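See below for model-v5.tsv, which holds TSV, C-alpha atoms.
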```tsv
chain	number	residue	atom	x	y	z
A	1296	MET	CA	-5.95	-23.88	13.38
A	1297	ARG	CA	-8.37	-22.94	16.16
A	1298	ASP	CA	-5.40	-22.25	18.42
A	1299	VAL	CA	-3.87	-19.94	15.79
A	1300	VAL	CA	-7.17	-18.08	15.39
A	1301	ARG	CA	-7.48	-17.63	19.15
A	1302	ARG	CA	-3.91	-16.34	19.43
A	1303	VAL	CA	-4.44	-13.83	16.62
A	1304	SER	CA	-7.61	-12.54	18.24
A	1305	ALA	CA	-5.94	-12.31	21.65
A	1306	ALA	CA	-2.96	-10.41	20.22
A	1307	THR	CA	-5.14	-7.80	18.50
A	1308	PRO	CA	-5.34	-4.50	20.44
A	1309	PRO	CA	-8.93	-3.68	21.43
A	1310	GLY	CA	-8.82	-0.28	19.70
A	1311	ARG	CA	-7.58	-1.54	16.33
A	1312	ASP	CA	-9.90	-0.79	13.42
A	1313	ARG	CA	-9.94	-4.15	11.69
A	1314	ALA	CA	-11.88	-2.77	8.73
A	1315	LEU	CA	-8.87	-0.68	7.68
A	1316	ASP	CA	-6.73	-3.81	7.57
A	1317	ALA	CA	-9.45	-5.49	5.50
A	1318	LEU	CA	-9.46	-2.61	3.01
A	1319	ARG	CA	-5.68	-2.86	2.71
A	1320	ALA	CA	-5.94	-6.62	2.15
A	1321	LEU	CA	-8.63	-6.16	-0.50
A	1322	ALA	CA	-6.49	-3.54	-2.26
A	1323	ILE	CA	-3.48	-5.86	-2.35
A	1324	LEU	CA	-5.57	-8.78	-3.61
A	1325	GLY	CA	-7.04	-6.54	-6.30
A	1326	VAL	CA	-3.58	-5.57	-7.56
A	1327	VAL	CA	-2.33	-9.17	-7.54
A	1328	LEU	CA	-5.34	-10.67	-9.30
A	1329	GLY	CA	-5.46	-7.75	-11.72
A	1330	HIS	CA	-1.85	-8.28	-12.79
A	1331	TRP	CA	-2.35	-12.02	-13.13
A	1332	LEU	CA	-5.43	-11.54	-15.31
A	1333	VAL	CA	-4.27	-8.73	-17.61
A	1334	THR	CA	-0.61	-9.72	-18.07
A	1335	ALA	CA	0.45	-12.44	-20.47
A	1336	LEU	CA	3.96	-13.68	-21.23
A	1337	VAL	CA	3.84	-14.82	-24.86
A	1338	ALA	CA	6.40	-17.27	-26.26
A	1339	ASP	CA	7.55	-15.83	-29.59
A	1340	SER	CA	10.53	-17.09	-31.64
A	1341	GLY	CA	12.51	-18.19	-28.60
A	1342	THR	CA	11.75	-15.09	-26.52
A	1343	LEU	CA	9.09	-14.03	-24.06
A	1344	ARG	CA	7.25	-10.74	-24.52
A	1345	VAL	CA	4.53	-9.07	-22.45
A	1346	GLU	CA	1.02	-8.79	-23.87
A	1347	SER	CA	-2.36	-7.83	-22.42
A	1348	PRO	CA	-5.76	-9.37	-23.14
A	1349	LEU	CA	-7.21	-5.85	-22.90
A	1350	ARG	CA	-5.44	-5.03	-26.18
A	1351	HIS	CA	-7.13	-7.88	-28.02
A	1352	LEU	CA	-10.39	-8.17	-26.04
A	1353	PRO	CA	-11.60	-4.64	-25.23
A	1354	GLU	CA	-14.84	-6.08	-23.90
A	1355	LEU	CA	-12.85	-7.12	-20.84
A	1356	THR	CA	-12.09	-3.50	-19.93
A	1357	ALA	CA	-14.42	-3.77	-16.93
A	1358	VAL	CA	-11.91	-6.17	-15.36
A	1359	SER	CA	-9.57	-3.22	-14.85
A	1360	TRP	CA	-12.33	-1.34	-13.02
A	1361	VAL	CA	-12.59	-4.10	-10.44
A	1362	PHE	CA	-8.92	-4.85	-9.86
A	1363	GLN	CA	-7.22	-1.43	-10.09
A	1364	THR	CA	-7.44	-0.73	-6.35
A	1365	LEU	CA	-4.38	1.43	-5.67
A	1366	ALA	CA	-6.48	4.44	-4.60
A	1367	VAL	CA	-7.89	2.40	-1.71
A	1368	PHE	CA	-4.37	1.53	-0.59
A	1369	PHE	CA	-3.35	5.20	-0.59
A	1370	LEU	CA	-6.56	6.14	1.24
A	1371	VAL	CA	-5.78	3.68	4.03
A	1372	GLY	CA	-2.11	4.69	3.95
A	1373	GLY	CA	-2.95	8.37	4.48
A	1374	TYR	CA	-5.36	7.61	7.30
A	1375	VAL	CA	-3.00	5.28	9.13
A	1376	ALA	CA	0.06	7.49	8.63
A	1377	ALA	CA	-1.72	10.60	9.90
A	1378	ARG	CA	-2.97	8.80	13.02
A	1379	GLY	CA	0.33	7.06	13.56
A	1380	HIS	CA	2.32	10.28	13.32
A	1381	THR	CA	0.01	12.00	15.80
A	1382	ALA	CA	0.39	9.09	18.22
A	1383	ALA	CA	4.18	9.13	17.78
A	1384	ARG	CA	4.32	12.80	18.67
A	1385	ALA	CA	2.24	12.12	21.78
A	1386	ARG	CA	4.79	9.48	22.81
A	1387	GLY	CA	7.64	11.93	22.27
A	1388	GLU	CA	8.96	10.02	19.25
A	1389	SER	CA	10.82	12.09	16.67
A	1390	HIS	CA	9.62	12.38	13.09
A	1391	GLY	CA	12.88	10.84	11.86
A	1392	ARG	CA	12.51	7.77	14.04
A	1393	TRP	CA	8.87	7.32	13.08
A	1394	THR	CA	9.66	7.68	9.38
A	1395	ALA	CA	12.61	5.29	9.55
A	1396	ALA	CA	10.46	2.62	11.19
A	1397	ARG	CA	7.73	2.86	8.55
A	1398	LEU	CA	10.08	3.05	5.58
A	1399	GLY	CA	12.11	0.16	6.96
A	1400	ARG	CA	9.10	-2.11	6.76
A	1401	LEU	CA	8.43	-0.95	3.20
A	1402	PHE	CA	11.95	-1.42	1.87
A	1403	ARG	CA	13.43	-4.35	3.84
A	1404	PRO	CA	11.51	-6.86	1.66
A	1405	VAL	CA	12.92	-5.23	-1.49
A	1406	VAL	CA	16.47	-6.40	-0.67
A	1407	PRO	CA	15.92	-10.15	-1.23
A	1408	LEU	CA	13.86	-9.43	-4.37
A	1409	LEU	CA	16.71	-7.44	-5.92
A	1410	ALA	CA	19.26	-10.04	-4.83
A	1411	VAL	CA	17.31	-12.97	-6.28
A	1412	TRP	CA	16.64	-11.22	-9.59
A	1413	THR	CA	20.23	-10.01	-9.93
A	1414	VAL	CA	21.41	-13.60	-9.66
A	1415	ALA	CA	18.59	-14.92	-11.86
A	1416	SER	CA	19.28	-12.35	-14.59
A	1417	THR	CA	22.99	-13.13	-14.57
A	1418	VAL	CA	22.35	-16.86	-14.80
A	1419	MET	CA	19.80	-16.46	-17.61
A	1420	LEU	CA	22.14	-14.29	-19.67
A	1421	GLY	CA	25.00	-16.72	-19.00
A	1422	CYS	CA	22.85	-19.61	-20.22
A	1423	GLY	CA	22.05	-17.84	-23.47
A	1424	VAL	CA	18.56	-16.56	-22.72
A	1425	PRO	CA	17.89	-13.64	-25.11
A	1426	TRP	CA	18.36	-10.26	-23.49
A	1427	GLN	CA	14.89	-9.25	-24.72
A	1428	THR	CA	13.40	-11.94	-22.48
A	1429	VAL	CA	15.53	-10.97	-19.49
A	1430	TYR	CA	14.59	-7.32	-19.98
A	1431	ALA	CA	10.85	-8.10	-20.25
A	1432	LEU	CA	10.92	-10.25	-17.10
A	1433	GLY	CA	12.99	-7.74	-15.13
A	1434	LYS	CA	10.71	-4.87	-16.11
A	1435	LEU	CA	7.68	-6.91	-15.08
A	1436	VAL	CA	9.18	-7.65	-11.66
A	1437	LEU	CA	10.62	-4.21	-10.92
A	1438	SER	CA	7.84	-2.00	-12.28
A	1439	PRO	CA	5.70	-2.31	-9.11
A	1440	LEU	CA	8.51	-0.63	-7.16
A	1441	TRP	CA	7.26	2.77	-8.34
A	1442	PHE	CA	4.33	2.27	-5.97
A	1443	LEU	CA	6.60	1.82	-2.96
A	1444	LEU	CA	8.66	4.87	-3.92
A	1445	VAL	CA	5.58	7.10	-4.14
A	1446	LEU	CA	4.13	5.70	-0.91
A	1447	ALA	CA	7.48	6.18	0.84
A	1448	ALA	CA	7.71	9.82	-0.30
A	1449	LEU	CA	4.17	10.59	0.86
A	1450	THR	CA	4.78	8.83	4.17
A	1451	ALA	CA	7.95	10.82	4.84
A	1452	ALA	CA	6.06	14.02	4.01
A	1453	THR	CA	3.05	13.16	6.18
A	1454	PRO	CA	3.45	16.18	8.51
A	1455	LEU	CA	3.38	18.46	5.44
A	1456	VAL	CA	0.66	16.80	3.38
A	1457	ALA	CA	-1.64	15.63	6.18
A	1458	ARG	CA	-3.35	19.04	6.25
A	1459	VAL	CA	-3.52	19.50	2.49
A	1460	HIS	CA	-7.10	19.33	1.24
A	1461	PRO	CA	-7.56	16.68	-1.50
A	1462	LEU	CA	-8.98	19.31	-3.85
A	1463	TRP	CA	-5.56	20.96	-4.23
A	1464	PRO	CA	-3.72	17.96	-5.77
A	1465	LEU	CA	-6.90	17.21	-7.76
A	1466	ALA	CA	-6.64	20.71	-9.25
A	1467	VAL	CA	-3.00	20.01	-10.19
A	1468	VAL	CA	-4.01	16.84	-12.06
A	1469	LEU	CA	-6.81	18.70	-13.84
A	1470	HIS	CA	-4.55	21.51	-15.04
A	1471	VAL	CA	-1.75	19.15	-16.09
A	1472	ASP	CA	-4.18	17.11	-18.20
A	1473	VAL	CA	-5.69	20.22	-19.77
A	1474	ILE	CA	-2.22	21.38	-20.83
A	1475	ARG	CA	-1.07	17.91	-21.97
A	1476	PHE	CA	-4.15	16.85	-23.91
A	1477	GLY	CA	-5.92	20.12	-24.65
A	1478	PHE	CA	-2.94	22.23	-25.68
A	1479	ASP	CA	-0.47	19.53	-26.77
A	1480	GLY	CA	1.82	20.25	-23.83
A	1481	PRO	CA	5.06	18.35	-23.26
A	1482	SER	CA	4.71	14.74	-22.17
A	1483	TRP	CA	7.16	15.21	-19.28
A	1484	LEU	CA	4.59	17.45	-17.61
A	1485	GLY	CA	2.65	14.29	-16.80
A	1486	GLY	CA	5.32	13.48	-14.22
A	1487	LEU	CA	3.67	16.04	-11.92
A	1488	ASN	CA	0.62	13.79	-11.80
A	1489	VAL	CA	2.54	10.92	-10.20
A	1490	PRO	CA	2.71	12.57	-6.75
A	1491	ALA	CA	-0.38	14.76	-7.28
A	1492	GLY	CA	-2.63	11.93	-8.46
A	1493	TRP	CA	-1.88	9.69	-5.48
A	1494	LEU	CA	-1.91	12.62	-3.07
A	1495	VAL	CA	-5.66	12.89	-3.66
A	1496	PRO	CA	-6.63	9.62	-1.90
A	1497	TYR	CA	-3.71	9.94	0.55
A	1498	CYS	CA	-4.81	13.42	1.65
A	1499	LEU	CA	-8.41	12.23	1.80
A	1500	GLY	CA	-7.35	9.49	4.22
A	1501	ALA	CA	-5.43	12.02	6.33
A	1502	LEU	CA	-8.49	14.30	6.31
A	1503	LEU	CA	-10.66	11.47	7.64
A	1504	ALA	CA	-8.10	10.80	10.38
A	1505	ARG	CA	-8.17	14.45	11.39
A	1506	ARG	CA	-11.88	15.25	11.12
A	1507	GLY	CA	-13.54	11.89	11.68
A	1508	PRO	CA	-15.48	9.51	9.43
A	1509	LEU	CA	-17.41	10.63	6.38
A	1510	ALA	CA	-21.18	10.72	6.61
A	1511	PRO	CA	-22.88	8.12	4.38
A	1512	ALA	CA	-24.26	10.89	2.16
A	1513	ALA	CA	-20.74	12.24	1.57
A	1514	ALA	CA	-19.42	8.75	0.81
A	1515	TRP	CA	-22.24	8.17	-1.70
A	1516	THR	CA	-21.43	11.54	-3.27
A	1517	LEU	CA	-17.80	10.45	-3.72
A	1518	LEU	CA	-18.85	7.12	-5.18
A	1519	LEU	CA	-21.48	8.38	-7.59
A	1520	GLY	CA	-19.76	11.67	-8.42
A	1521	GLY	CA	-16.42	9.98	-9.08
A	1522	ALA	CA	-18.00	7.25	-11.18
A	1523	GLY	CA	-20.05	9.77	-13.14
A	1524	ALA	CA	-17.04	12.01	-13.78
A	1525	THR	CA	-14.99	9.02	-14.94
A	1526	GLY	CA	-17.74	7.92	-17.31
A	1527	LEU	CA	-17.97	11.39	-18.84
A	1528	LEU	CA	-14.19	11.66	-19.26
A	1529	VAL	CA	-14.02	8.27	-21.01
A	1530	ALA	CA	-17.10	8.89	-23.17
A	1531	PHE	CA	-16.48	12.48	-24.23
A	1532	ALA	CA	-12.90	13.53	-23.39
A	1533	GLY	CA	-10.97	10.74	-25.09
A	1534	TYR	CA	-9.60	9.03	-21.97
A	1535	PRO	CA	-9.02	5.26	-22.23
A	1536	GLY	CA	-11.62	3.01	-20.67
A	1537	ALA	CA	-9.03	0.73	-19.08
A	1538	MET	CA	-7.80	1.89	-15.69
A	1539	VAL	CA	-4.50	0.05	-16.14
A	1540	GLY	CA	-1.74	0.38	-18.71
A	1541	VAL	CA	-2.24	-1.52	-21.97
A	1542	PRO	CA	0.91	-2.28	-24.04
A	1543	GLY	CA	0.81	-0.36	-27.32
A	1544	ALA	CA	-1.95	2.05	-26.23
A	1545	PRO	CA	-1.18	5.73	-26.97
A	1546	VAL	CA	-2.41	6.89	-23.54
A	1547	SER	CA	-2.30	5.12	-20.18
A	1548	ASN	CA	-4.59	6.09	-17.32
A	1549	LEU	CA	-2.02	4.85	-14.83
A	1550	ASN	CA	1.39	5.94	-16.09
A	1551	PRO	CA	1.19	8.76	-15.22
A	1552	PRO	CA	-2.18	8.97	-13.42
A	1553	THR	CA	-4.74	10.87	-15.47
A	1554	LEU	CA	-7.75	12.84	-14.30
A	1555	ALA	CA	-9.91	9.82	-15.18
A	1556	ALA	CA	-7.79	7.57	-12.93
A	1557	VAL	CA	-8.09	10.07	-10.07
A	1558	THR	CA	-11.86	10.47	-10.36
A	1559	PHE	CA	-12.17	6.70	-10.58
A	1560	GLY	CA	-10.04	6.46	-7.43
A	1561	LEU	CA	-12.37	8.88	-5.64
A	1562	ALA	CA	-15.29	6.62	-6.54
A	1563	GLN	CA	-13.38	3.68	-5.07
A	1564	CYS	CA	-12.67	5.70	-1.91
A	1565	GLY	CA	-16.37	6.41	-1.51
A	1566	ALA	CA	-17.15	2.70	-1.88
A	1567	ALA	CA	-14.40	1.86	0.63
A	1568	VAL	CA	-15.85	4.20	3.24
A	1569	LEU	CA	-19.30	2.66	2.75
A	1570	LEU	CA	-17.78	-0.80	3.24
A	1571	LEU	CA	-16.26	0.04	6.63
A	1572	GLY	CA	-19.39	-0.77	8.62
A	1573	PRO	CA	-20.11	-4.15	6.99
A	1574	LEU	CA	-16.41	-5.08	7.24
A	1575	ARG	CA	-16.31	-4.28	10.97
A	1576	ARG	CA	-19.30	-6.54	11.53
A	1577	ALA	CA	-17.84	-9.35	9.41
A	1578	LEU	CA	-14.45	-9.18	11.14
A	1579	ARG	CA	-15.95	-9.84	14.55
A	1580	ARG	CA	-15.63	-13.48	13.48
A	1581	PRO	CA	-12.19	-14.68	14.62
A	1582	VAL	CA	-11.59	-16.80	11.52
A	1583	ALA	CA	-12.24	-13.89	9.14
A	1584	TRP	CA	-10.01	-11.59	11.15
A	1585	ALA	CA	-7.20	-14.17	11.31
A	1586	ALA	CA	-7.17	-14.39	7.50
A	1587	VAL	CA	-7.04	-10.59	7.13
A	1588	ALA	CA	-4.33	-10.27	9.79
A	1589	ALA	CA	-2.21	-12.95	8.13
A	1590	LEU	CA	-2.35	-11.19	4.76
A	1591	ASN	CA	-1.49	-7.83	6.32
A	1592	LEU	CA	1.58	-9.28	8.02
A	1593	GLY	CA	3.01	-10.10	4.60
A	1594	ALA	CA	1.27	-7.50	2.42
A	1595	VAL	CA	4.46	-5.93	1.01
A	1596	THR	CA	6.00	-9.35	0.38
A	1597	VAL	CA	2.87	-10.47	-1.50
A	1598	PHE	CA	2.96	-7.29	-3.56
A	1599	LEU	CA	6.65	-7.62	-4.42
A	1600	TRP	CA	6.70	-11.33	-5.31
A	1601	HIS	CA	3.37	-11.89	-7.10
A	1602	GLN	CA	4.88	-11.22	-10.53
A	1603	THR	CA	7.79	-13.54	-9.77
A	1604	ALA	CA	5.30	-16.27	-8.88
A	1605	MET	CA	3.54	-15.85	-12.24
A	1606	ILE	CA	6.88	-15.86	-14.07
A	1607	ALA	CA	8.02	-19.02	-12.26
A	1608	VAL	CA	4.89	-20.93	-13.27
A	1609	THR	CA	5.10	-19.59	-16.82
A	1610	ALA	CA	8.77	-20.52	-17.22
A	1611	GLY	CA	8.25	-23.93	-15.65
A	1612	GLY	CA	5.31	-24.63	-17.95
A	1613	LEU	CA	7.27	-23.50	-21.01
A	1614	LEU	CA	10.27	-25.71	-20.19
A	1615	THR	CA	7.99	-28.68	-19.52
A	1616	ALA	CA	6.05	-28.18	-22.76
A	1617	ASP	CA	9.28	-27.88	-24.78
A	1618	ARG	CA	10.72	-31.02	-23.21
A	1619	LEU	CA	7.55	-33.00	-23.93
A	1620	GLY	CA	7.23	-31.57	-27.44
A	1621	HIS	CA	3.91	-29.88	-26.69
A	1622	PRO	CA	2.87	-26.55	-28.22
A	1623	PRO	CA	2.70	-23.45	-25.99
A	1624	LEU	CA	0.08	-23.81	-23.27
A	1625	THR	CA	-3.11	-21.78	-23.68
A	1626	GLY	CA	-3.53	-19.16	-21.00
A	1627	LEU	CA	0.14	-19.33	-20.11
A	1628	HIS	CA	2.31	-18.80	-23.23
A	1629	THR	CA	-0.16	-17.97	-26.01
A	1630	VAL	CA	-1.40	-14.63	-27.34
A	1631	PRO	CA	-4.36	-13.50	-25.19
A	1632	ASP	CA	-6.70	-12.90	-28.10
A	1633	GLY	CA	-9.67	-15.13	-27.32
A	1634	HIS	CA	-12.07	-16.10	-24.58
A	1635	ASP	CA	-10.47	-19.53	-24.43
A	1636	TRP	CA	-7.32	-17.78	-23.17
A	1637	VAL	CA	-9.34	-16.11	-20.41
A	1638	LEU	CA	-10.88	-19.38	-19.27
A	1639	ALA	CA	-7.49	-21.10	-19.35
A	1640	ARG	CA	-5.87	-18.25	-17.39
A	1641	LEU	CA	-8.49	-18.65	-14.66
A	1642	GLY	CA	-7.41	-22.27	-14.40
A	1643	TRP	CA	-3.76	-21.25	-13.94
A	1644	LEU	CA	-4.51	-18.87	-11.05
A	1645	PRO	CA	-4.33	-21.57	-8.33
A	1646	LEU	CA	-0.81	-22.46	-9.50
A	1647	PHE	CA	0.18	-18.78	-9.40
A	1648	ALA	CA	-1.22	-18.58	-5.87
A	1649	GLY	CA	0.69	-21.69	-4.80
A	1650	ALA	CA	3.96	-20.30	-6.16
A	1651	LEU	CA	3.27	-17.00	-4.38
A	1652	LEU	CA	2.73	-18.83	-1.08
A	1653	VAL	CA	6.15	-20.43	-1.50
A	1654	CYS	CA	7.71	-16.99	-2.07
A	1655	VAL	CA	5.93	-15.51	0.94
A	1656	ALA	CA	7.01	-18.40	3.15
A	1657	ALA	CA	10.61	-17.90	2.05
A	1658	PHE	CA	10.83	-14.11	2.32
A	1659	HIS	CA	8.10	-12.73	4.62
A	1660	ALA	CA	10.53	-12.59	7.56
A	1661	TYR	CA	12.13	-9.49	6.00
A	1662	GLU	CA	8.87	-7.61	6.49
A	1663	ARG	CA	8.58	-8.22	10.21
A	1664	THR	CA	8.74	-5.06	12.28
A	1665	THR	CA	11.73	-5.10	14.60
A	1666	ARG	CA	11.38	-3.67	18.08
A	1667	THR	CA	14.28	-2.06	19.84
A	1668	ALA	CA	14.92	-1.58	23.49
A	1669	ARG	CA	15.50	2.12	22.90
A	1670	ALA	CA	11.86	3.02	22.50
A	1671	PRO	CA	11.07	6.40	24.07
A	1672	LYS	CA	9.65	6.37	27.53
A	1673	ARG	CA	5.98	7.19	27.90
A	1674	ARG	CA	5.38	10.58	29.36
A	1675	PRO	CA	3.47	10.61	32.65
A	1676	GLY	CA	-0.13	11.58	32.33
A	1677	ARG	CA	-0.27	10.95	28.57
A	1678	ARG	CA	-2.41	8.35	26.91
A	1679	THR	CA	-0.86	6.30	24.15
A	1680	GLU	CA	-3.00	5.76	21.08
A	1681	THR	CA	-3.25	2.40	19.40
A	1682	ARG	CA	-0.82	2.11	16.52
A	1683	HIS	CA	-1.72	0.76	13.10
A	1684	ALA	CA	0.87	-1.26	11.26
```

Spell out the structure here as structure tokens.
Amino acid sequence: MRDVVRRVSAATPPGRDRALDALRALAILGVVLGHWLVTALVADSGTLRVESPLRHLPELTAVSWVFQTLAVFFLVGGYVAARGHTAARARGESHGRWTAARLGRLFRPVVPLLAVWTVASTVMLGCGVPWQTVYALGKLVLSPLWFLLVLAALTAATPLVARVHPLWPLAVVLHVDVIRFGFDGPSWLGGLNVPAGWLVPYCLGALLARRGPLAPAAAWTLLLGGAGATGLLVAFAGYPGAMVGVPGAPVSNLNPPTLAAVTFGLAQCGAAVLLLGPLRRALRRPVAWAAVAALNLGAVTVFLWHQTAMIAVTAGGLLTADRLGHPPLTGLHTVPDGHDWVLARLGWLPLFAGALLVCVAAFHAYERTTRTARAPKRRPGRRTETRHA
């Protein structure tokens, strides 16, 4: 283990900002743990359906505030993409080549996921599994792909959006919500908020890459102002308190992103900027940095397969309970309507994590960045900036 830690530290470029990788890792962990805690597969009359403890236990709404961390991922994505594109231009690399390399790493891991679930769905239907169950499982696995599609579109458009001030997409979200909720506008109008809502943190990250780090006072303003605005919107404007989708709820803050989700994301961005200094100090320790680096090497794979890991444990537990004649297992197959379910679900998390490690070990190779011998030659007299993965 010490040898691995030393090799990771030695392979890290001196100019790499390790705190950005730590923020990305924290964002991914937040999404994974959030899904595992607020998603339940309930056994019901021979089928599995998706439920959420937030529907039955609204006092747990604060859980969604902690684990809905997508804005931080888009903040880091905008910063890294803007810097990376500038460095690529300095090396004489074309926009098409740069985009293809970044999108390749995003979408290569999707191929085995689609292949495995195509086979699994066919086998389940062939074995008589109700189509309602297959549909619920497939939707659970494939729904996170929207995130990759939005991130890919923003990445490809980096030269265009990198100089857009975050206030412009924020204004789009504000006006769309006013029309939708204030004047009973058409629901399809909310589709404009999907790119606009995530452009806000993405453009903020690009702005930081272009102009330099935020002053602590500005970061505190983002944190407190965003949190205050979110609180007012929830308390007085009728927005849901949960920052994730809740099955059966009339309005979701996440699908599409609402103004409350965007202001909450700005608060998270302010907190992320304030964390950069402490994270840089903590990651001087080789062991801490090795853990962050390892997670970043398989971040997309973790994101894609974490729902499959939960489903595998759930299905395995259900088959075992049926074979032994036991009732559905609390925290795994039962309705999430009590605090006993929450405590039991916490106990299942290590098994989910173990199943996810198996998936990552099997499929993380698809995420590795491939290097080609046709890389552009460095121009004489030009300095090459450190690239961020």

So that I can see what lies close to Ser1347 of chain A, please list as a list in words the residues with an atom at most 9 Å from it, counting all atoms listed in the file and leaving out residues fewer than 4 positions away in the same chain. Leu1332, Val1333, Thr1334, Ala1335, Leu1336, His1351, Leu1352, Val1541, Pro1542, Val1630, Pro1631 and Asp1632 of chain A

Please determine, counting all atoms listed in the file, which residue among A:Leu1440, A:Ala1594, A:Cys1564, A:Leu1494 has the shortest atom-to-atom distance to Val1406 of chain A.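 With all atoms listed in the file as the atom set, the closest residue is A:Leu1440.
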
Calculated over only C-alpha atoms, which of the candidates A:Ala1466, A:Ile1323, A:Cys1498, A:Val1489 has the smallest distance to Pro1552 of chain A?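 Among the listed residues, the smallest separation from Pro1552 of chain A belongs to A:Val1489.
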
At what distance in Å, to one decimal, does atom CA of Ala1357 of chain A lie from atom CA of Leu1343 of chain A? 26.6 Å

At a cut-off of 10 Å, using all atoms listed in the file, what residues contact segment 1531-1538 of chain A? Leave out same-chain residues fewer than 4 positions from it and give the result as a PyMOL selection string. chain A and resi 1349-1350+1353+1355-1364+1476-1477+1525-1527+1544-1549+1552-1557+1559-1560

If I take atom CA of Thr1450 of chain A and atom CA of Ile1474 of chain A, how far is one from the other in Å, to one decimal?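 Taking atom CA of Thr1450 of chain A as the start and atom CA of Ile1474 of chain A as the end point, the length is 28.8 Å.
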
Identify the residues around (-21.5, 5.4, -1.6) within a radius of 6 Å, measuring from only C-alpha atoms in the coordinates stated by the file, and give them as a PyMOL selection string. chain A and resi 1514-1515+1518+1565-1566+1569

Between A:Gly1492, A:Gly1485, A:Pro1464, A:Gly1540, which has the minimum distance to Ser1438 of chain A (counting only C-alpha atoms)?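 Smallest separation from Ser1438 of chain A among the options: A:Gly1540.
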
Choose the residue, out of A:Thr1558, A:Thr1453, A:Asn1591, A:Thr1615, that has the smallest atom-to-atom separation from Ala1314 of chain A; count only C-alpha atoms.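 Of all the options, A:Asn1591 lies closest to Ala1314 of chain A.
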
Written record: segment 1382-1413 of chain A, C-alpha atoms, as an mmCIF file, in the first residue's frame:
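So out.cif came out as:
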```cif
data_model
loop_
_atom_site.group_PDB
_atom_site.id
_atom_site.type_symbol
_atom_site.label_atom_id
_atom_site.label_comp_id
_atom_site.auth_asym_id
_atom_site.auth_seq_id
_atom_site.Cartn_x
_atom_site.Cartn_y
_atom_site.Cartn_z
ATOM 1 C CA ALA A 1382 -4.140 24.760 -22.816
ATOM 2 C CA ALA A 1383 -5.164 22.709 -25.872
ATOM 3 C CA ARG A 1384 -5.200 25.816 -28.038
ATOM 4 C CA ALA A 1385 -1.729 26.725 -26.767
ATOM 5 C CA ARG A 1386 -0.517 23.278 -27.848
ATOM 6 C CA GLY A 1387 -2.053 23.738 -31.289
ATOM 7 C CA GLU A 1388 -4.707 21.075 -30.658
ATOM 8 C CA SER A 1389 -7.957 21.506 -32.562
ATOM 9 C CA HIS A 1390 -11.272 21.963 -30.791
ATOM 10 C CA GLY A 1391 -12.596 18.791 -32.421
ATOM 11 C CA ARG A 1392 -9.720 16.670 -31.160
ATOM 12 C CA TRP A 1393 -9.966 18.130 -27.662
ATOM 13 C CA THR A 1394 -13.729 17.566 -27.550
ATOM 14 C CA ALA A 1395 -13.458 14.015 -28.864
ATOM 15 C CA ALA A 1396 -10.923 13.121 -26.175
ATOM 16 C CA ARG A 1397 -13.083 14.475 -23.348
ATOM 17 C CA LEU A 1398 -16.344 13.020 -24.627
ATOM 18 C CA GLY A 1399 -14.652 9.684 -25.242
ATOM 19 C CA ARG A 1400 -13.841 9.366 -21.573
ATOM 20 C CA LEU A 1401 -17.423 10.269 -20.674
ATOM 21 C CA PHE A 1402 -19.141 7.835 -23.020
ATOM 22 C CA ARG A 1403 -16.787 4.830 -23.301
ATOM 23 C CA PRO A 1404 -17.988 3.495 -19.908
ATOM 24 C CA VAL A 1405 -21.610 3.731 -21.082
ATOM 25 C CA VAL A 1406 -21.101 0.947 -23.657
ATOM 26 C CA PRO A 1407 -20.672 -1.957 -21.203
ATOM 27 C CA LEU A 1408 -23.526 -0.628 -19.040
ATOM 28 C CA LEU A 1409 -25.928 -0.673 -21.988
ATOM 29 C CA ALA A 1410 -24.668 -4.081 -23.102
ATOM 30 C CA VAL A 1411 -25.061 -5.664 -19.662
ATOM 31 C CA TRP A 1412 -28.539 -4.237 -19.124
ATOM 32 C CA THR A 1413 -29.719 -5.179 -22.609
#
```
